[in-house]
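What follows is a single structure, written as structure tokens, with notes after it.
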Amino acid sequence: MASSVYIHIPFCATKCYYCAFNTYTFHKEQAKAYLQALRTEMELYASKTEPLQTIFIGGGTPSILSANALSQLLTDVHQHFQITPNAEITVECNPGTVDNEKLSVMQDYGVNRLSFGLQAMQDETLKQLLGRIHTVAEFLESYQLARENGFENINIDLIFALPDQTMEAWQHTLNEVTSLNPDHISAYNLVMEETTPFYEWWQAGELHLPSEDAEADMFQYTIETLTAHGYTHYEICNFARPSHFARHNLVYWNNQPCIGLGAGACGYVNGIRYSNIRAIASYINKLSKRNKPIADTEHLTGNAEKAETLMLALRKREGISLADYQNRFGEDIEVVFGDILKKWIDLQLLEWTDTHLRLTRRGLFLANEVFVELM
Ligand code: SF4
């Protein structure tokens with residue numbers, strides 16, 4: 001049973017050059033058929049949920065849907081699932097795709113958290129380098145509109161270590177964003193994904209990434225600046241005002257069950273991790289026969305579940321709770337991982353606190369090496 005649901009809306013106006021998410025160009029008719037298929041998928045999973053604590057509608061660009069379509073989607077969610085009164089309901093929005101009508105529909109259906117993909121505060125970077133559809137001014141307008149419509153919990157997504165990005169450019173982005181006082185900021189370093197134009201250009205020598213040292217300096221600056229502005233650094237890439245931690249993301253980092261709905265969505269229910277068919281037409285076709293559109297499953301048991309639980313929890317700044325691990329697996333964390341933990345502790349990548357095991361400050365910068373070895 002799960003008390004969290006992720007819903008994937010795989011449509012965007014155009015594809016950003018660095019993006020490897022499962023998204024396609026928006027077509028109104030296809031979106032209509034897709035939402036019908038989603039409704040059927042909700043029916044198939046409705047009995048597998050407890051009252052929902054978190055709902056995350058992501059993508060893609062959910063806010064590219066019309067106000068009517070959003071209203072239909074949110075009606076379906078409310079009809080198929082029980083939702084706790086204090087549930088966190090997030091919708092991802094792209095600047096330039098929200099208006100008063102859409103925001104008011106979201107408010108009416110209890111959406112209480114918005115996540116804006118901004119990425120950078122320079123028009124040139126947005127349009128020419130990243131292939132984003134919006135300008136800085138359009139972002140500011142959308143953000144302002146969201147505040148005027150009563151949204152009190154807003155996240156802004158940023159990316160650093162972009163090709164040719166200077167420290168000054170990143171500082172400018174962070175300073176402008178903090179001046180808006182968002183409740184949550186996600187700051188990810190760019191990852192080159194093989195299926196993207198970015199990767200192709202990089203391989204061809206047309207894109208030049210900052211050095212590892214420059215990237216580490218940007219990360220260091222991010223941590224210092226955001227914590228100085230009162231944000232809690234609670235996950236490697238995530239910073240929040242007190243009481244604004246992303247509850248849905250904490251479900252992932254705590255390796256707790258979550259139902260994933262939509263093309264390419266991933267879920268984790270009853271110890272089984274699954275991913276859905278990615279292609280929209282196949283996804284719709286499967287659901288037209290009332291079959292679950294699952295492409296892959298993996299039964300997570302034994303040491304695989306322990307390793308995943310450890311790896312995900314180490315992303316949090318507090319690390320993994322020793323008591324929670326003991327309760328979940330009935331044994332001490334050192335039973336399986338004693339040798340490897342000793343190695344990382346000796347290398348000063350991990351440290352014990354009274355109640356947790358966590359990445360050190362140095363470990364934060366080398367987290368991927370730790371995770372790769374754990375996998
Ligand atoms: S808007 Fe987001 S999901 Fe859509 S293409 Fe750009 S990065 Fe990918």
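Residue names in the structure tokens use chain letters A, B, ... in the order shown, residue numbers from 1 in each chain, and ligand numbers from 1 in the order shown.
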
Surrounding residues of Ile280 in chain A excluding itself and chain neighbours under 2 positions, 9 Å, only C-alpha atoms, as number ranges by chain
A: 10, 24, 30, 34, 262-264, 277-278, 282-285

Could those residues be written to a file, using N, CA and C atoms, as a PDB file, in the first residue's frame?
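Saved result, again_16.pdb, follows:
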```pdb
ATOM      1  N   PRO A  10       3.576  13.862 -19.895  1.00  0.00           N
ATOM      2  CA  PRO A  10       4.783  13.803 -20.741  1.00  0.00           C
ATOM      3  C   PRO A  10       4.758  14.781 -21.915  1.00  0.00           C
ATOM      4  N   TYR A  24       7.331  14.704 -24.811  1.00  0.00           N
ATOM      5  CA  TYR A  24       7.073  14.814 -26.248  1.00  0.00           C
ATOM      6  C   TYR A  24       6.391  16.148 -26.501  1.00  0.00           C
ATOM      7  N   GLN A  30      -3.927  14.435 -28.525  1.00  0.00           N
ATOM      8  CA  GLN A  30      -3.212  13.337 -27.858  1.00  0.00           C
ATOM      9  C   GLN A  30      -3.290  13.507 -26.333  1.00  0.00           C
ATOM     10  N   TYR A  34      -4.625  10.912 -23.650  1.00  0.00           N
ATOM     11  CA  TYR A  34      -3.692  10.539 -22.573  1.00  0.00           C
ATOM     12  C   TYR A  34      -4.371  10.676 -21.207  1.00  0.00           C
ATOM     13  N   GLY A 262       1.280   7.141 -15.383  1.00  0.00           N
ATOM     14  CA  GLY A 262       1.620   7.906 -16.580  1.00  0.00           C
ATOM     15  C   GLY A 262       2.739   7.234 -17.368  1.00  0.00           C
ATOM     16  N   ALA A 263       2.911   7.704 -18.593  1.00  0.00           N
ATOM     17  CA  ALA A 263       3.912   7.112 -19.490  1.00  0.00           C
ATOM     18  C   ALA A 263       5.319   7.310 -18.931  1.00  0.00           C
ATOM     19  N   GLY A 264       6.042   6.224 -18.772  1.00  0.00           N
ATOM     20  CA  GLY A 264       7.417   6.290 -18.286  1.00  0.00           C
ATOM     21  C   GLY A 264       7.538   6.498 -16.784  1.00  0.00           C
ATOM     22  N   ILE A 277       5.531   1.820 -19.573  1.00  0.00           N
ATOM     23  CA  ILE A 277       5.851   2.024 -20.994  1.00  0.00           C
ATOM     24  C   ILE A 277       6.058   3.522 -21.228  1.00  0.00           C
ATOM     25  N   ARG A 278       7.099   3.852 -22.000  1.00  0.00           N
ATOM     26  CA  ARG A 278       7.413   5.270 -22.205  1.00  0.00           C
ATOM     27  C   ARG A 278       6.625   5.916 -23.350  1.00  0.00           C
ATOM     28  N   SER A 282       1.601   3.652 -27.073  1.00  0.00           N
ATOM     29  CA  SER A 282       1.549   2.299 -26.487  1.00  0.00           C
ATOM     30  C   SER A 282       0.923   2.341 -25.101  1.00  0.00           C
ATOM     31  N   TYR A 283       1.233   3.389 -24.377  1.00  0.00           N
ATOM     32  CA  TYR A 283       0.660   3.553 -23.034  1.00  0.00           C
ATOM     33  C   TYR A 283      -0.870   3.641 -23.115  1.00  0.00           C
ATOM     34  N   ILE A 284      -1.344   4.473 -24.048  1.00  0.00           N
ATOM     35  CA  ILE A 284      -2.799   4.649 -24.207  1.00  0.00           C
ATOM     36  C   ILE A 284      -3.425   3.332 -24.670  1.00  0.00           C
ATOM     37  N   ASN A 285      -2.774   2.669 -25.600  1.00  0.00           N
ATOM     38  CA  ASN A 285      -3.292   1.419 -26.155  1.00  0.00           C
ATOM     39  C   ASN A 285      -3.442   0.353 -25.065  1.00  0.00           C
TER      40      ASN A 285
END
```

Neighbours of Ala169 in chain A within 10 Å (only C-alpha atoms; same-chain residues fewer than 4 positions away dropped), as an NGL selection string?
:A and (120-122 or 125 or 160 or 164-165 or 173-175)

With distances taken over only C-alpha atoms and all ligand atoms, which residue among A:Tyr6, A:Phe365, A:Tyr221, A:Tyr18 lies nearest ligand 1?
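That would be A:Tyr18, the residue with the smallest distance to ligand 1.
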
Determine, counting only C-alpha atoms, which protein, DNA and RNA residues have an atom within 12 Å of an atom of His134 in chain A; residues of the same chain fewer than 3 positions away are not included. Present the result as a VMD selection string.
chain A and resid 13 to 14 16 93 to 98 116 to 128 130 to 131 137 to 142

Write out as a VMD selection string each polymer residue (protein, DNA or RNA) that has an atom no more than 6 Å from ligand 1, with only C-alpha atoms and all ligand atoms counted.
chain A and resid 12 15 to 16 19 21 59 to 61

I'd like the contact shell of Gln107 in chain A - 8 Å cut-off, only C-alpha atoms, skipping same-chain residues fewer than 3 positions apart - returned as number ranges by chain.
A: 103-104, 110-112, 149-151

With only C-alpha atoms as the counted atoms, please give the residues lying no more than 8 Å from Leu357 in chain A, apart from itself and same-chain residues fewer than 6 positions off, as a PyMOL selection string.
chain A and resi 314+318-322+350-351

Rows by chain and residue number, range 156-216 of chain A within 12 Å of range 228-233 of chain A, shortest pair, only C-alpha atoms, as a Markdown table:
```
| residue | atom | partner | partner_atom | distance |
| --- | --- | --- | --- | --- |
| A:Leu174 | CA | A:His229 | CA | 10.6 |
| A:Asn175 | CA | A:His229 | CA | 9.9 |
| A:Val177 | CA | A:His229 | CA | 11.0 |
| A:Thr178 | CA | A:His229 | CA | 7.4 |
| A:Ser179 | CA | A:His229 | CA | 9.4 |
| A:Leu180 | CA | A:His229 | CA | 11.4 |
| A:Asn181 | CA | A:His229 | CA | 9.0 |
| A:Pro182 | CA | A:Tyr231 | CA | 9.8 |
| A:Asp183 | CA | A:Tyr231 | CA | 8.3 |
| A:His184 | CA | A:Tyr231 | CA | 7.8 |
| A:Ile185 | CA | A:Tyr231 | CA | 8.5 |
| A:Ser186 | CA | A:His233 | CA | 10.0 |
| A:Ala187 | CA | A:His233 | CA | 10.7 |
```

With only C-alpha atoms as the basis for distance, which of A:Ser288, A:Ser275, A:Ser115, A:Thr309 is at the shortest distance from Ala37 in chain A?
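Checking each candidate against Ala37 in chain A, we get A:Ser288 as the closest.
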
All strand (DSSP E or B) positions in range 166-328 of chain A, as an MDAnalysis selection string
chainID A and resid 184:189 232:235 238:240 258:261 266:269 272:276 294:299 316 320:321
